[in-house]
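Student: Sharing work12.cif (mmCIF, C-alpha atoms) below.
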data_data
loop_
_atom_site.group_PDB
_atom_site.id
_atom_site.type_symbol
_atom_site.label_atom_id
_atom_site.label_comp_id
_atom_site.auth_asym_id
_atom_site.auth_seq_id
_atom_site.Cartn_x
_atom_site.Cartn_y
_atom_site.Cartn_z
ATOM 1 C CA MET S 276 177.412 131.978 185.640
ATOM 2 C CA THR S 277 174.289 129.869 185.737
ATOM 3 C CA THR S 278 174.036 127.543 188.697
ATOM 4 C CA THR S 279 172.817 124.003 188.025
ATOM 5 C CA PRO S 280 170.719 122.433 190.789
ATOM 6 C CA ILE S 281 172.491 119.640 192.652
ATOM 7 C CA SER S 282 170.299 116.622 193.272
ATOM 8 C CA GLU S 283 172.801 114.559 195.245
ATOM 9 C CA ILE S 284 176.226 114.616 196.889
ATOM 10 C CA VAL S 285 177.779 111.316 195.816
ATOM 11 C CA LYS S 286 181.031 111.557 197.809
ATOM 12 C CA SER S 287 182.549 114.145 200.139
ATOM 13 C CA ASN S 288 186.056 114.675 201.546
ATOM 14 C CA HIS S 289 187.157 117.285 204.057
ATOM 15 C CA LEU S 290 190.788 118.448 204.180
ATOM 16 C CA ASN S 291 192.719 120.976 206.225
ATOM 17 C CA VAL S 292 194.447 123.784 204.350
ATOM 18 C CA LYS S 293 197.140 125.005 206.744
ATOM 19 C CA VAL S 294 200.552 124.485 205.095
ATOM 20 C CA ALA S 295 201.943 124.136 201.561
ATOM 21 C CA ALA S 296 201.970 120.324 201.832
ATOM 22 C CA ASP S 297 198.183 120.462 202.266
ATOM 23 C CA VAL S 298 197.880 122.029 198.801
ATOM 24 C CA VAL S 299 199.742 119.027 197.367
ATOM 25 C CA ALA S 300 197.311 116.689 199.166
ATOM 26 C CA ILE S 301 194.344 118.667 197.808
ATOM 27 C CA ARG S 302 195.714 118.477 194.263
ATOM 28 C CA GLN S 303 196.099 114.690 194.590
ATOM 29 C CA ALA S 304 192.611 114.261 196.062
ATOM 30 C CA VAL S 305 191.041 116.447 193.361
ATOM 31 C CA ARG S 306 192.857 114.475 190.655
ATOM 32 C CA ALA S 307 191.585 111.170 192.085
ATOM 33 C CA LEU S 308 187.988 112.437 192.212
ATOM 34 C CA ALA S 309 188.247 113.944 188.712
ATOM 35 C CA VAL S 310 189.447 110.602 187.339
ATOM 36 C CA GLU S 311 186.705 108.789 189.272
ATOM 37 C CA ILE S 312 183.941 110.774 187.561
ATOM 38 C CA GLY S 313 185.616 110.566 184.157
ATOM 39 C CA LEU S 314 186.746 114.143 183.570
ATOM 40 C CA ASN S 315 188.965 114.300 180.501
ATOM 41 C CA LEU S 316 192.573 115.453 180.824
ATOM 42 C CA VAL S 317 191.797 119.092 180.006
ATOM 43 C CA GLU S 318 188.934 119.198 182.532
ATOM 44 C CA GLN S 319 191.172 117.532 185.138
ATOM 45 C CA THR S 320 193.932 120.072 184.571
ATOM 46 C CA LYS S 321 191.513 122.987 184.893
ATOM 47 C CA ILE S 322 189.953 121.866 188.181
ATOM 48 C CA ILE S 323 193.309 120.833 189.675
ATOM 49 C CA THR S 324 194.871 124.186 188.734
ATOM 50 C CA ALA S 325 191.924 126.089 190.218
ATOM 51 C CA ALA S 326 192.122 124.000 193.415
ATOM 52 C CA SER S 327 195.824 124.721 193.718
ATOM 53 C CA GLU S 328 195.295 128.479 193.343
ATOM 54 C CA LEU S 329 192.459 128.557 195.860
ATOM 55 C CA GLY S 330 194.350 126.366 198.320
ATOM 56 C CA ARG S 331 197.362 128.676 198.189
ATOM 57 C CA ASN S 332 195.118 131.714 198.625
ATOM 58 C CA THR S 333 193.489 130.083 201.654
ATOM 59 C CA ILE S 334 196.905 129.735 203.293
ATOM 60 C CA ILE S 335 198.550 132.980 202.169
ATOM 61 C CA HIS S 336 195.640 135.402 202.463
ATOM 62 C CA GLY S 337 193.275 133.583 204.826
ATOM 63 C CA GLY S 338 195.791 132.220 207.316
ATOM 64 C CA GLY S 339 194.670 128.654 206.603
ATOM 65 C CA GLY S 340 191.286 127.011 206.589
ATOM 66 C CA ASP S 341 189.412 124.031 205.246
ATOM 67 C CA ALA S 342 188.528 122.482 201.894
ATOM 68 C CA THR S 343 185.539 120.320 201.078
ATOM 69 C CA LEU S 344 185.745 118.223 197.911
ATOM 70 C CA GLU S 345 182.518 116.693 196.623
ATOM 71 C CA ILE S 346 181.371 114.608 193.713
ATOM 72 C CA VAL S 347 177.894 115.907 192.930
ATOM 73 C CA ARG S 348 175.148 114.814 190.590
ATOM 74 C CA SER S 349 172.523 116.895 188.835
ATOM 75 C CA THR S 350 169.663 115.215 187.067
ATOM 76 C CA ASP S 351 171.799 114.382 184.045
ATOM 77 C CA ARG S 352 175.499 114.766 184.863
ATOM 78 C CA LEU S 353 178.309 114.483 187.393
ATOM 79 C CA GLY S 354 180.563 117.247 188.641
ATOM 80 C CA LEU S 355 183.268 118.067 191.121
ATOM 81 C CA ARG S 356 182.486 120.829 193.642
ATOM 82 C CA LEU S 357 185.258 122.322 195.776
ATOM 83 C CA ALA S 358 184.774 124.749 198.654
ATOM 84 C CA PHE S 359 187.628 126.617 200.345
ATOM 85 C CA GLU S 360 186.831 128.447 203.581
ATOM 86 C CA ASP S 361 188.926 130.534 205.932
ATOM 87 C CA LYS S 362 188.397 132.816 208.928
ATOM 88 C CA GLY S 363 190.952 135.356 207.683
ATOM 89 C CA PRO S 364 190.657 139.080 207.061
ATOM 90 C CA GLY S 365 188.142 138.697 204.223
ATOM 91 C CA ILE S 366 188.147 140.552 200.924
ATOM 92 C CA ALA S 367 187.113 144.196 201.075
ATOM 93 C CA ASN S 368 186.536 144.642 197.322
ATOM 94 C CA LEU S 369 185.491 141.454 195.516
ATOM 95 C CA GLU S 370 185.283 143.098 192.091
ATOM 96 C CA GLN S 371 188.857 144.332 192.403
ATOM 97 C CA ALA S 372 190.091 140.984 193.765
ATOM 98 C CA LEU S 373 188.642 139.155 190.746
ATOM 99 C CA ARG S 374 190.366 141.489 188.279
ATOM 100 C CA ASP S 375 193.464 140.033 186.607
ATOM 101 C CA GLY S 376 196.639 141.722 187.780
ATOM 102 C CA PHE S 377 195.309 142.681 191.217
ATOM 103 C CA THR S 378 197.361 141.230 194.038
ATOM 104 C CA THR S 379 197.911 141.955 197.699
ATOM 105 C CA GLY S 380 201.044 139.806 197.655
ATOM 106 C CA THR S 381 203.900 139.064 195.304
ATOM 107 C CA GLY S 382 201.979 136.915 192.820
ATOM 108 C CA LEU S 383 200.754 137.736 189.334
ATOM 109 C CA GLY S 384 197.208 138.441 190.486
ATOM 110 C CA LEU S 385 195.643 135.667 188.385
ATOM 111 C CA GLY S 386 194.426 133.390 191.212
ATOM 112 C CA LEU S 387 190.770 134.281 191.782
ATOM 113 C CA GLY S 388 189.981 135.360 188.225
ATOM 114 C CA GLY S 389 191.871 132.367 186.880
ATOM 115 C CA ALA S 390 190.021 129.975 189.189
ATOM 116 C CA LYS S 391 186.742 131.500 188.013
ATOM 117 C CA ARG S 392 187.641 131.018 184.343
ATOM 118 C CA LEU S 393 188.739 127.412 184.961
ATOM 119 C CA SER S 394 185.423 126.500 186.589
ATOM 120 C CA SER S 395 181.961 125.779 185.238
ATOM 121 C CA GLU S 396 180.505 127.615 188.238
ATOM 122 C CA PHE S 397 182.101 130.015 190.747
ATOM 123 C CA HIS S 398 180.706 131.553 193.921
ATOM 124 C CA ILE S 399 182.461 133.725 196.483
ATOM 125 C CA GLU S 400 181.295 135.006 199.855
ATOM 126 C CA SER S 401 183.569 137.269 201.848
ATOM 127 C CA GLU S 402 183.180 139.666 204.726
ATOM 128 C CA PRO S 403 186.029 141.807 206.025
ATOM 129 C CA GLY S 404 187.069 140.615 209.470
ATOM 130 C CA VAL S 405 185.046 137.392 209.176
ATOM 131 C CA GLY S 406 186.567 135.339 206.351
ATOM 132 C CA THR S 407 186.025 134.026 202.859
ATOM 133 C CA LYS S 408 184.351 131.020 201.279
ATOM 134 C CA ILE S 409 184.908 130.225 197.609
ATOM 135 C CA THR S 410 183.003 127.413 195.929
ATOM 136 C CA ILE S 411 183.784 126.208 192.427
ATOM 137 C CA LEU S 412 182.261 123.451 190.377
ATOM 138 C CA ARG S 413 183.475 121.668 187.258
ATOM 139 C CA TRP S 414 180.877 119.639 185.373
ATOM 140 C CA LYS S 415 181.886 116.602 183.339
ATOM 141 C CA GLY S 416 181.683 117.251 179.621
#
Written as structure tokens, how would this file's structure read?

Tutor:
Amino acid sequence: MTTTPISEIVKSNHLNVKVAADVVAIRQAVRALAVEIGLNLVEQTKIITAASELGRNTIIHGGGGDATLEIVRSTDRLGLRLAFEDKGPGIANLEQALRDGFTTGTGLGLGLGGAKRLSSEFHIESEPGVGTKITILRWKG
């Protein structure tokens, strides 16, 4: 995916991702920010679904962590950038983890790949024994 330069962070929220109720709070906060920048219903649904998947992964696989939600501006458009970070076991094989059907738990194995497909931009950094940071961005329009 091509990365668009960010010229400005318009608004930023930081949330804990420790328990299932935190995922609900993240979904609500993402929805509010998506509405604020004028994402249409389909765009809202995509970014909210991706946030939900990544929030659950942060808890289940990362042992909890943090989320940063930002409204960002490039030279000609607005977007919503979400970063999920944990200090968990990390991901040993990123290529495998992004493949549909791969799971280390009981899920369907669509979380990371699905979040990537639902985003305009997707970036993942992970080191075994150190943790994982996943950043997604959904541009308006």

Student: So what do you get for atom CA of Ala309 of chain S versus atom CA of His336 of chain S, distance-wise?

Tutor: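 Taking atom CA of Ala309 of chain S as the start and atom CA of His336 of chain S as the end point, the length is 26.5 Å.
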
Student: On this file, the PyMOL selection byres ((chain S and resi 399-411) around 10) gives some set of residues; write that set as a PyMOL selection string.

Tutor: chain S and resi 322+325-326+329+333+336-338+340-344+355-369+387+390-391+393-398+412-413

Student: Let me have the centre and edge lengths of the axis-aligned box enclosing all listed atoms of segment 285-291 of chain S with 6 Å padding on every side, in Å to one decimal, as JSON.

Tutor:
{"center_x": 185.2, "center_y": 116.1, "center_z": 201.0, "size_x": 26.9, "size_y": 21.7, "size_z": 22.4}

Student: What does the PyMOL selection byres ((chain S and resi 354) around 10) select in this file, as JSON, numbers by chain?

Tutor: {"S": [281, 284, 285, 308, 309, 312, 313, 314, 345, 346, 347, 348, 349, 352, 353, 355, 356, 357, 395, 412, 413, 414, 415, 416]}

Student: So, counting all atoms listed in the file, which residue among S:Leu290, S:Val305, S:Ile335, S:Ala300 is closest to Glu318 of chain S?

Tutor: S:Val305

Student: Convert the output of the PyMOL selection byres ((chain S and resi 327) around 8) on the shown file into explicit residues, formatted as a PyMOL selection string.

Tutor: chain S and resi 298-299+301-302+323-326+328-331

Student: Store the residues picked out above in a file with C-alpha atoms, as a PDB file, in the frame of the given file.

Tutor:
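selection_31.pdb written:
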ATOM      1  CA  VAL S 298     197.880 122.029 198.801  1.00  0.00           C
ATOM      2  CA  VAL S 299     199.742 119.027 197.367  1.00  0.00           C
ATOM      3  CA  ILE S 301     194.344 118.667 197.808  1.00  0.00           C
ATOM      4  CA  ARG S 302     195.714 118.477 194.263  1.00  0.00           C
ATOM      5  CA  ILE S 323     193.309 120.833 189.675  1.00  0.00           C
ATOM      6  CA  THR S 324     194.871 124.186 188.734  1.00  0.00           C
ATOM      7  CA  ALA S 325     191.924 126.089 190.218  1.00  0.00           C
ATOM      8  CA  ALA S 326     192.122 124.000 193.415  1.00  0.00           C
ATOM      9  CA  GLU S 328     195.295 128.479 193.343  1.00  0.00           C
ATOM     10  CA  LEU S 329     192.459 128.557 195.860  1.00  0.00           C
ATOM     11  CA  GLY S 330     194.350 126.366 198.320  1.00  0.00           C
ATOM     12  CA  ARG S 331     197.362 128.676 198.189  1.00  0.00           C
TER      13      ARG S 331
END

Student: Would you mind reading off the distance between atom CA of Ser282 of chain S and atom CA of Val310 of chain S, one decimal, in Å?

Tutor: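 A separation of 20.9 Å between them.
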
Student: Of the candidates S:Glu311, S:Asp297, S:Glu283, S:Glu370, which one gets nearest to Gly339 of chain S if we count only C-alpha atoms?

Tutor: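 That would be S:Asp297, the residue with the smallest distance to Gly339 of chain S.
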
Student: Report the distance between atom CA of Leu316 of chain S and atom CA of Ala372 of chain S in Å, rounded to one decimal place.

Tutor: 28.7 Å
